[in-house]
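Okay, protein_8.pdb is below, PDB, C-alpha atoms, pLDDT in the B column:
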```pdb
ATOM      1  CA  MET A   1      46.733  -3.654  -7.146  1.00 67.00           C
ATOM      2  CA  LEU A   2      47.544  -4.773  -3.612  1.00 60.00           C
ATOM      3  CA  GLN A   3      49.712  -1.718  -3.111  1.00 62.00           C
ATOM      4  CA  MET A   4      46.879   0.532  -4.237  1.00 65.00           C
ATOM      5  CA  ILE A   5      44.536  -1.080  -1.709  1.00 58.00           C
ATOM      6  CA  LYS A   6      47.105  -0.608   1.055  1.00 59.00           C
ATOM      7  CA  ALA A   7      47.670   3.017   0.076  1.00 58.00           C
ATOM      8  CA  PHE A   8      43.897   3.607   0.113  1.00 50.00           C
ATOM      9  CA  ALA A   9      43.546   1.993   3.544  1.00 53.00           C
ATOM     10  CA  LEU A  10      46.281   4.226   4.946  1.00 56.00           C
ATOM     11  CA  LEU A  11      44.496   7.396   3.896  1.00 61.00           C
ATOM     12  CA  GLY A  12      42.539   7.220   7.138  1.00 63.00           C
ATOM     13  CA  GLY A  13      38.869   7.939   7.709  1.00 64.00           C
ATOM     14  CA  GLU A  14      38.832  11.734   7.704  1.00 76.00           C
ATOM     15  CA  TRP A  15      37.505  11.901   4.142  1.00 81.00           C
ATOM     16  CA  VAL A  16      34.587   9.682   5.178  1.00 84.00           C
ATOM     17  CA  LEU A  17      33.533  12.401   7.625  1.00 85.00           C
ATOM     18  CA  TYR A  18      33.159  14.839   4.735  1.00 89.00           C
ATOM     19  CA  ILE A  19      30.917  12.344   2.952  1.00 90.00           C
ATOM     20  CA  LEU A  20      28.845  11.920   6.109  1.00 91.00           C
ATOM     21  CA  LEU A  21      28.586  15.692   6.459  1.00 92.00           C
ATOM     22  CA  GLY A  22      27.220  15.949   2.918  1.00 93.00           C
ATOM     23  CA  LEU A  23      24.757  13.122   3.578  1.00 93.00           C
ATOM     24  CA  SER A  24      23.580  14.800   6.769  1.00 93.00           C
ATOM     25  CA  VAL A  25      22.804  18.019   4.881  1.00 94.00           C
ATOM     26  CA  TRP A  26      20.925  15.989   2.262  1.00 94.00           C
ATOM     27  CA  SER A  27      18.888  14.145   4.896  1.00 93.00           C
ATOM     28  CA  ILE A  28      17.987  17.388   6.699  1.00 94.00           C
ATOM     29  CA  ALA A  29      16.824  18.919   3.407  1.00 94.00           C
ATOM     30  CA  VAL A  30      14.585  15.918   2.689  1.00 94.00           C
ATOM     31  CA  ILE A  31      13.135  15.887   6.222  1.00 94.00           C
ATOM     32  CA  TRP A  32      12.279  19.597   6.132  1.00 94.00           C
ATOM     33  CA  ASP A  33      10.807  19.346   2.640  1.00 92.00           C
ATOM     34  CA  ARG A  34       8.521  16.430   3.512  1.00 91.00           C
ATOM     35  CA  PHE A  35       7.631  17.840   6.943  1.00 91.00           C
ATOM     36  CA  PHE A  36       6.359  21.179   5.633  1.00 90.00           C
ATOM     37  CA  LEU A  37       4.576  19.495   2.723  1.00 89.00           C
ATOM     38  CA  PHE A  38       2.824  17.004   4.996  1.00 90.00           C
ATOM     39  CA  GLN A  39       1.899  19.734   7.483  1.00 89.00           C
ATOM     40  CA  LYS A  40       0.130  21.667   4.728  1.00 87.00           C
ATOM     41  CA  LYS A  41      -1.648  18.583   3.413  1.00 87.00           C
ATOM     42  CA  ALA A  42      -2.621  17.501   6.948  1.00 87.00           C
ATOM     43  CA  LYS A  43      -4.570  20.751   7.468  1.00 87.00           C
ATOM     44  CA  GLU A  44      -6.370  20.302   4.160  1.00 86.00           C
ATOM     45  CA  SER A  45      -7.046  16.650   4.903  1.00 87.00           C
ATOM     46  CA  LYS A  46      -8.592  17.500   8.275  1.00 88.00           C
ATOM     47  CA  LEU A  47     -10.928  20.007   6.618  1.00 87.00           C
ATOM     48  CA  LEU A  48     -11.899  17.464   3.982  1.00 89.00           C
ATOM     49  CA  GLN A  49     -12.557  14.684   6.484  1.00 88.00           C
ATOM     50  CA  GLU A  50     -14.794  16.979   8.515  1.00 88.00           C
ATOM     51  CA  LYS A  51     -17.041  18.071   5.623  1.00 89.00           C
ATOM     52  CA  ALA A  52     -16.835  15.633   2.701  1.00 88.00           C
ATOM     53  CA  PRO A  53     -18.319  12.444   4.254  1.00 90.00           C
ATOM     54  CA  GLU A  54     -21.617  14.131   5.144  1.00 89.00           C
ATOM     55  CA  LEU A  55     -21.864  15.771   1.719  1.00 88.00           C
ATOM     56  CA  LEU A  56     -21.171  12.476  -0.038  1.00 88.00           C
ATOM     57  CA  LEU A  57     -23.758  10.631   2.056  1.00 87.00           C
ATOM     58  CA  LYS A  58     -26.326  13.246   1.084  1.00 85.00           C
ATOM     59  CA  GLY A  59     -25.328  12.978  -2.574  1.00 84.00           C
ATOM     60  CA  GLN A  60     -24.302  16.647  -2.733  1.00 88.00           C
ATOM     61  CA  ILE A  61     -21.588  16.086  -5.336  1.00 89.00           C
ATOM     62  CA  LYS A  62     -21.478  19.689  -6.536  1.00 89.00           C
ATOM     63  CA  GLU A  63     -20.726  20.864  -2.999  1.00 91.00           C
ATOM     64  CA  VAL A  64     -17.974  18.257  -2.702  1.00 88.00           C
ATOM     65  CA  GLN A  65     -16.547  19.440  -6.015  1.00 89.00           C
ATOM     66  CA  LYS A  66     -16.450  23.030  -4.754  1.00 90.00           C
ATOM     67  CA  LEU A  67     -14.803  21.875  -1.522  1.00 89.00           C
ATOM     68  CA  VAL A  68     -11.955  19.986  -3.199  1.00 88.00           C
ATOM     69  CA  GLU A  69     -11.419  22.548  -5.967  1.00 88.00           C
ATOM     70  CA  SER A  70      -8.774  24.562  -4.096  1.00 84.00           C
ATOM     71  CA  LEU A  71      -7.287  21.682  -2.064  1.00 87.00           C
ATOM     72  CA  THR A  72      -4.127  19.730  -2.932  1.00 86.00           C
ATOM     73  CA  SER A  73      -4.238  16.888  -0.409  1.00 89.00           C
ATOM     74  CA  PRO A  74      -4.128  13.317  -1.812  1.00 91.00           C
ATOM     75  CA  ALA A  75      -7.747  12.649  -0.856  1.00 91.00           C
ATOM     76  CA  ALA A  76      -8.852  15.867  -2.562  1.00 91.00           C
ATOM     77  CA  ALA A  77      -6.938  15.005  -5.730  1.00 91.00           C
ATOM     78  CA  ILE A  78      -8.484  11.527  -5.814  1.00 92.00           C
ATOM     79  CA  LEU A  79     -11.991  12.921  -5.277  1.00 92.00           C
ATOM     80  CA  LYS A  80     -11.452  15.515  -8.021  1.00 92.00           C
ATOM     81  CA  ILE A  81     -10.648  12.925 -10.654  1.00 92.00           C
ATOM     82  CA  GLY A  82     -13.402  10.642  -9.336  1.00 90.00           C
ATOM     83  CA  ILE A  83     -16.081  13.330  -9.601  1.00 90.00           C
ATOM     84  CA  ALA A  84     -14.832  14.293 -13.066  1.00 89.00           C
ATOM     85  CA  ASN A  85     -15.318  10.676 -14.210  1.00 89.00           C
ATOM     86  CA  LEU A  86     -18.584   9.746 -12.503  1.00 87.00           C
ATOM     87  CA  SER A  87     -20.202   9.234 -15.886  1.00 83.00           C
ATOM     88  CA  ALA A  88     -17.717   6.452 -16.707  1.00 81.00           C
ATOM     89  CA  GLY A  89     -19.650   3.965 -14.587  1.00 81.00           C
ATOM     90  CA  PRO A  90     -18.744   2.217 -11.303  1.00 82.00           C
ATOM     91  CA  GLU A  91     -16.293  -0.339 -12.733  1.00 86.00           C
ATOM     92  CA  SER A  92     -14.288   2.175 -14.755  1.00 89.00           C
ATOM     93  CA  LEU A  93     -14.474   4.703 -11.932  1.00 89.00           C
ATOM     94  CA  GLU A  94     -12.941   2.205  -9.523  1.00 90.00           C
ATOM     95  CA  GLN A  95      -9.979   1.714 -11.863  1.00 92.00           C
ATOM     96  CA  ILE A  96      -9.531   5.459 -12.297  1.00 92.00           C
ATOM     97  CA  LEU A  97      -9.598   6.061  -8.551  1.00 92.00           C
ATOM     98  CA  GLY A  98      -7.126   3.235  -7.979  1.00 92.00           C
ATOM     99  CA  SER A  99      -4.751   4.673 -10.567  1.00 93.00           C
ATOM    100  CA  GLN A 100      -4.879   8.136  -8.996  1.00 93.00           C
ATOM    101  CA  ARG A 101      -4.300   6.632  -5.538  1.00 93.00           C
ATOM    102  CA  ILE A 102      -1.102   4.982  -6.778  1.00 94.00           C
ATOM    103  CA  TYR A 103       0.065   8.290  -8.258  1.00 94.00           C
ATOM    104  CA  GLU A 104      -0.617  10.186  -5.019  1.00 92.00           C
ATOM    105  CA  LYS A 105       1.224   7.547  -2.997  1.00 93.00           C
ATOM    106  CA  LEU A 106       4.269   7.867  -5.249  1.00 93.00           C
ATOM    107  CA  MET A 107       4.243  11.656  -4.874  1.00 92.00           C
ATOM    108  CA  LEU A 108       4.020  11.427  -1.094  1.00 91.00           C
ATOM    109  CA  GLU A 109       6.888   8.930  -0.944  1.00 91.00           C
ATOM    110  CA  LYS A 110       9.146  11.133  -3.091  1.00 88.00           C
ATOM    111  CA  ASN A 111      12.702  11.198  -1.630  1.00 89.00           C
ATOM    112  CA  LEU A 112      11.720   9.034   1.348  1.00 92.00           C
ATOM    113  CA  LEU A 113      13.978   6.353  -0.088  1.00 92.00           C
ATOM    114  CA  VAL A 114      16.864   8.692   0.780  1.00 93.00           C
ATOM    115  CA  LEU A 115      15.900   8.605   4.465  1.00 93.00           C
ATOM    116  CA  GLY A 116      15.388   4.845   4.457  1.00 93.00           C
ATOM    117  CA  THR A 117      18.737   4.253   2.769  1.00 93.00           C
ATOM    118  CA  LEU A 118      20.659   6.612   5.051  1.00 93.00           C
ATOM    119  CA  GLY A 119      18.957   5.199   8.120  1.00 93.00           C
ATOM    120  CA  SER A 120      20.128   1.718   7.146  1.00 92.00           C
ATOM    121  CA  ASN A 121      23.575   2.520   5.793  1.00 93.00           C
ATOM    122  CA  ALA A 122      24.941   5.633   7.534  1.00 92.00           C
ATOM    123  CA  PRO A 123      26.222   3.569  10.522  1.00 92.00           C
ATOM    124  CA  PHE A 124      28.108   1.276   8.124  1.00 93.00           C
ATOM    125  CA  ILE A 125      29.643   4.263   6.334  1.00 90.00           C
ATOM    126  CA  GLY A 126      30.731   5.605   9.715  1.00 89.00           C
ATOM    127  CA  LEU A 127      32.104   2.194  10.699  1.00 88.00           C
ATOM    128  CA  PHE A 128      34.037   2.082   7.433  1.00 87.00           C
ATOM    129  CA  GLY A 129      35.635   5.415   8.316  1.00 84.00           C
ATOM    130  CA  THR A 130      36.459   4.117  11.794  1.00 85.00           C
ATOM    131  CA  VAL A 131      38.145   0.990  10.412  1.00 85.00           C
ATOM    132  CA  LEU A 132      40.238   3.074   8.036  1.00 81.00           C
ATOM    133  CA  GLY A 133      41.165   5.429  10.880  1.00 80.00           C
ATOM    134  CA  ILE A 134      42.253   2.542  13.108  1.00 81.00           C
ATOM    135  CA  ILE A 135      44.362   1.039  10.306  1.00 79.00           C
ATOM    136  CA  LYS A 136      46.115   4.369   9.880  1.00 77.00           C
ATOM    137  CA  ALA A 137      46.551   4.760  13.646  1.00 74.00           C
ATOM    138  CA  PHE A 138      48.290   1.387  13.988  1.00 75.00           C
ATOM    139  CA  ASN A 139      50.419   2.132  10.962  1.00 74.00           C
ATOM    140  CA  ASP A 140      51.463   5.419  12.595  1.00 71.00           C
ATOM    141  CA  LEU A 141      52.298   3.510  15.783  1.00 68.00           C
ATOM    142  CA  ALA A 142      54.459   1.073  13.817  1.00 68.00           C
ATOM    143  CA  LEU A 143      56.328   3.955  12.223  1.00 69.00           C
ATOM    144  CA  ALA A 144      56.743   5.713  15.586  1.00 64.00           C
ATOM    145  CA  GLY A 145      58.235   2.629  17.193  1.00 62.00           C
ATOM    146  CA  THR A 146      58.206   2.448  20.988  1.00 56.00           C
ATOM    147  CA  SER A 147      57.845   6.177  21.445  1.00 54.00           C
ATOM    148  CA  GLY A 148      54.259   6.628  20.497  1.00 58.00           C
ATOM    149  CA  PRO A 149      51.444   4.726  22.271  1.00 64.00           C
ATOM    150  CA  THR A 150      49.644   8.068  22.424  1.00 67.00           C
ATOM    151  CA  VAL A 151      49.793   8.199  18.634  1.00 62.00           C
ATOM    152  CA  VAL A 152      47.551   5.177  18.243  1.00 64.00           C
ATOM    153  CA  MET A 153      45.230   6.269  21.065  1.00 70.00           C
ATOM    154  CA  ARG A 154      44.710   9.650  19.437  1.00 69.00           C
ATOM    155  CA  GLY A 155      44.178   7.999  16.066  1.00 67.00           C
ATOM    156  CA  VAL A 156      41.626   5.510  17.428  1.00 73.00           C
ATOM    157  CA  SER A 157      39.785   8.295  19.241  1.00 74.00           C
ATOM    158  CA  GLU A 158      39.537  10.334  16.037  1.00 73.00           C
ATOM    159  CA  ALA A 159      38.490   7.265  14.063  1.00 76.00           C
ATOM    160  CA  LEU A 160      35.575   6.517  16.399  1.00 83.00           C
ATOM    161  CA  VAL A 161      34.116   9.914  15.579  1.00 86.00           C
ATOM    162  CA  ALA A 162      33.077   8.553  12.164  1.00 85.00           C
ATOM    163  CA  THR A 163      30.938   5.830  13.765  1.00 88.00           C
ATOM    164  CA  ALA A 164      29.348   8.372  16.107  1.00 91.00           C
ATOM    165  CA  VAL A 165      28.518  10.691  13.203  1.00 91.00           C
ATOM    166  CA  GLY A 166      27.077   7.781  11.222  1.00 91.00           C
ATOM    167  CA  LEU A 167      24.750   6.910  14.096  1.00 93.00           C
ATOM    168  CA  LEU A 168      23.873  10.576  14.569  1.00 93.00           C
ATOM    169  CA  ILE A 169      22.669  10.681  10.952  1.00 93.00           C
ATOM    170  CA  ALA A 170      20.911   7.306  11.001  1.00 94.00           C
ATOM    171  CA  ILE A 171      18.751   7.794  14.109  1.00 95.00           C
ATOM    172  CA  PRO A 172      16.786  10.885  12.937  1.00 94.00           C
ATOM    173  CA  CYS A 173      16.551   9.431   9.415  1.00 95.00           C
ATOM    174  CA  VAL A 174      14.918   6.241  10.697  1.00 95.00           C
ATOM    175  CA  ALA A 175      12.597   8.175  13.011  1.00 95.00           C
ATOM    176  CA  ALA A 176      11.549  10.572  10.234  1.00 95.00           C
ATOM    177  CA  TYR A 177      11.113   7.746   7.715  1.00 95.00           C
ATOM    178  CA  ASN A 178       8.819   5.797  10.058  1.00 95.00           C
ATOM    179  CA  TYR A 179       6.823   8.926  10.914  1.00 94.00           C
ATOM    180  CA  PHE A 180       6.308   9.882   7.261  1.00 94.00           C
ATOM    181  CA  GLN A 181       5.368   6.353   6.226  1.00 94.00           C
ATOM    182  CA  ASN A 182       2.806   6.180   9.029  1.00 94.00           C
ATOM    183  CA  TRP A 183       1.383   9.547   7.931  1.00 93.00           C
ATOM    184  CA  ILE A 184       1.108   8.375   4.329  1.00 93.00           C
ATOM    185  CA  LYS A 185      -0.648   5.180   5.407  1.00 93.00           C
ATOM    186  CA  ARG A 186      -3.140   7.161   7.502  1.00 92.00           C
ATOM    187  CA  GLU A 187      -3.723   9.724   4.744  1.00 91.00           C
ATOM    188  CA  LEU A 188      -4.379   7.064   2.123  1.00 92.00           C
ATOM    189  CA  SER A 189      -6.734   5.257   4.500  1.00 92.00           C
ATOM    190  CA  ASN A 190      -8.701   8.482   4.884  1.00 90.00           C
ATOM    191  CA  SER A 191      -8.827   8.879   1.106  1.00 91.00           C
ATOM    192  CA  ASP A 192     -10.055   5.271   0.776  1.00 92.00           C
ATOM    193  CA  ARG A 193     -12.917   6.113   3.115  1.00 91.00           C
ATOM    194  CA  LEU A 194     -13.997   9.024   0.910  1.00 91.00           C
ATOM    195  CA  THR A 195     -13.595   7.122  -2.349  1.00 91.00           C
ATOM    196  CA  ALA A 196     -15.721   4.303  -0.919  1.00 91.00           C
ATOM    197  CA  LEU A 197     -18.484   6.825  -0.291  1.00 90.00           C
ATOM    198  CA  LEU A 198     -18.046   8.188  -3.816  1.00 90.00           C
ATOM    199  CA  MET A 199     -18.269   4.678  -5.233  1.00 90.00           C
ATOM    200  CA  ALA A 200     -21.447   4.085  -3.218  1.00 88.00           C
ATOM    201  CA  TYR A 201     -22.911   7.218  -4.760  1.00 86.00           C
ATOM    202  CA  ALA A 202     -21.904   6.048  -8.257  1.00 85.00           C
ATOM    203  CA  GLU A 203     -23.528   2.676  -7.671  1.00 84.00           C
ATOM    204  CA  LYS A 204     -26.705   4.373  -6.485  1.00 80.00           C
ATOM    205  CA  GLU A 205     -26.834   6.630  -9.529  1.00 69.00           C
ATOM    206  CA  LYS A 206     -26.172   3.746 -11.924  1.00 64.00           C
TER     207      LYS A 206
END
```
Please render this file's structure as structure tokens.
Amino acid sequence: MLQMIKAFALLGGEWVLYILLGLSVWSIAVIWDRFFLFQKKAKESKLLQEKAPELLLKGQIKEVQKLVESLTSPAAAILKIGIANLSAGPESLEQILGSQRIYEKLMLEKNLLVLGTLGSNAPFIGLFGTVLGIIKAFNDLALAGTSGPTVVMRGVSEALVATAVGLLIAIPCVAAYNYFQNWIKRELSNSDRLTALLMAYAEKEK
């Protein structure tokens, strides 16, 4: 067992770079997917926030229903199901709206765990590759004897690349994760504003 661990340690950290490369592609795919999705929903949300509050205050529910019919933003989806269940009464309606809000939040947060995990752990993966590279470099120096200080220097230099790549992945992942989470929080707050107005209408019509 000990020999297997030693053999593994002497493999070096080059293979870790391939893992980091795959993770970087994955993180970029998630960032682009969420970015374009949120951009689309942000435009719809802006339209909804401009028109829906006034309509709800006036009790023009049919106009609100027409407005949200073709929209896919979280607030629109919550209003759709709320309007469809107005006859259920205020207490039941509140539960229905809360359930839909949870669902929309889960959909918005889809794959964001990937960014959070990579942002936290990519530097450690890179550091792991660096440690393995340094172990191999010193082993190469021992085998080279007195003739190869440059061997270990080259090995250490190559090993540090893994840490740099890990940080290069982590920084945009953390930035994107924080940006998306802030957007989700703001979007759900906007939806809460509209559902509060819908609940006020339901209470009035009770």
_I'd like the interatomic distance between CA of Ile81 in chain A and CA of Leu194 in chain A, to a tenth of an Å._
12.7 Å
Give me, as a tab-separated table, the closest atom pair and its distance (Å, one decimal) for every residue of range 30-115 of chain A within a cut-off of 9 Å of range 159-173 of chain A, counting all atoms listed in the file, rows sorted by chain and rising number.
```
residue	atom	partner	partner_atom	distance
A:Ile31	CA	A:Cys173	CA	8.0
A:Val114	CA	A:Cys173	CA	8.7
A:Leu115	CA	A:Cys173	CA	5.1
```
*Taking the file as shown, find all residues satisfying the PyMOL selection byres ((chain A and resi 110) around 12) and write them as a ChimeraX atom specification.*
/A:30-31,33-34,37-38,103-109,111-116,177,180-181,184
Evaluate the PyMOL selection byres ((chain A and resi 83-100) around 10) on the structure here and hand back the selected residues as an mmCIF file with C-alpha atoms, in the coordinates of the input.
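File produced: selection03.cif:
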```cif
data_model
loop_
_atom_site.group_PDB
_atom_site.id
_atom_site.type_symbol
_atom_site.label_atom_id
_atom_site.label_comp_id
_atom_site.auth_asym_id
_atom_site.auth_seq_id
_atom_site.Cartn_x
_atom_site.Cartn_y
_atom_site.Cartn_z
ATOM 1 C CA ILE A 61 -21.588 16.086 -5.336
ATOM 2 C CA LYS A 62 -21.478 19.689 -6.536
ATOM 3 C CA VAL A 64 -17.974 18.257 -2.702
ATOM 4 C CA GLN A 65 -16.547 19.440 -6.015
ATOM 5 C CA PRO A 74 -4.128 13.317 -1.812
ATOM 6 C CA ALA A 75 -7.747 12.649 -0.856
ATOM 7 C CA ALA A 77 -6.938 15.005 -5.730
ATOM 8 C CA ILE A 78 -8.484 11.527 -5.814
ATOM 9 C CA LEU A 79 -11.991 12.921 -5.277
ATOM 10 C CA LYS A 80 -11.452 15.515 -8.021
ATOM 11 C CA ILE A 81 -10.648 12.925 -10.654
ATOM 12 C CA GLY A 82 -13.402 10.642 -9.336
ATOM 13 C CA ARG A 101 -4.300 6.632 -5.538
ATOM 14 C CA ILE A 102 -1.102 4.982 -6.778
ATOM 15 C CA TYR A 103 0.065 8.290 -8.258
ATOM 16 C CA GLU A 104 -0.617 10.186 -5.019
ATOM 17 C CA LYS A 105 1.224 7.547 -2.997
ATOM 18 C CA LEU A 106 4.269 7.867 -5.249
ATOM 19 C CA ASP A 192 -10.055 5.271 0.776
ATOM 20 C CA THR A 195 -13.595 7.122 -2.349
ATOM 21 C CA ALA A 196 -15.721 4.303 -0.919
ATOM 22 C CA LEU A 198 -18.046 8.188 -3.816
ATOM 23 C CA MET A 199 -18.269 4.678 -5.233
ATOM 24 C CA ALA A 200 -21.447 4.085 -3.218
ATOM 25 C CA TYR A 201 -22.911 7.218 -4.760
ATOM 26 C CA ALA A 202 -21.904 6.048 -8.257
ATOM 27 C CA GLU A 203 -23.528 2.676 -7.671
ATOM 28 C CA LYS A 204 -26.705 4.373 -6.485
ATOM 29 C CA GLU A 205 -26.834 6.630 -9.529
ATOM 30 C CA LYS A 206 -26.172 3.746 -11.924
#
```
*Return as a PyMOL selection string the set of residues that the PyMOL selection byres ((chain A and resi 46-52) around 10) yields on the displayed structure.*
chain A and resi 41-45+53-58+60-61+63-65+67-68+71+73+75-76+79+187+190-191+193-194+197-198
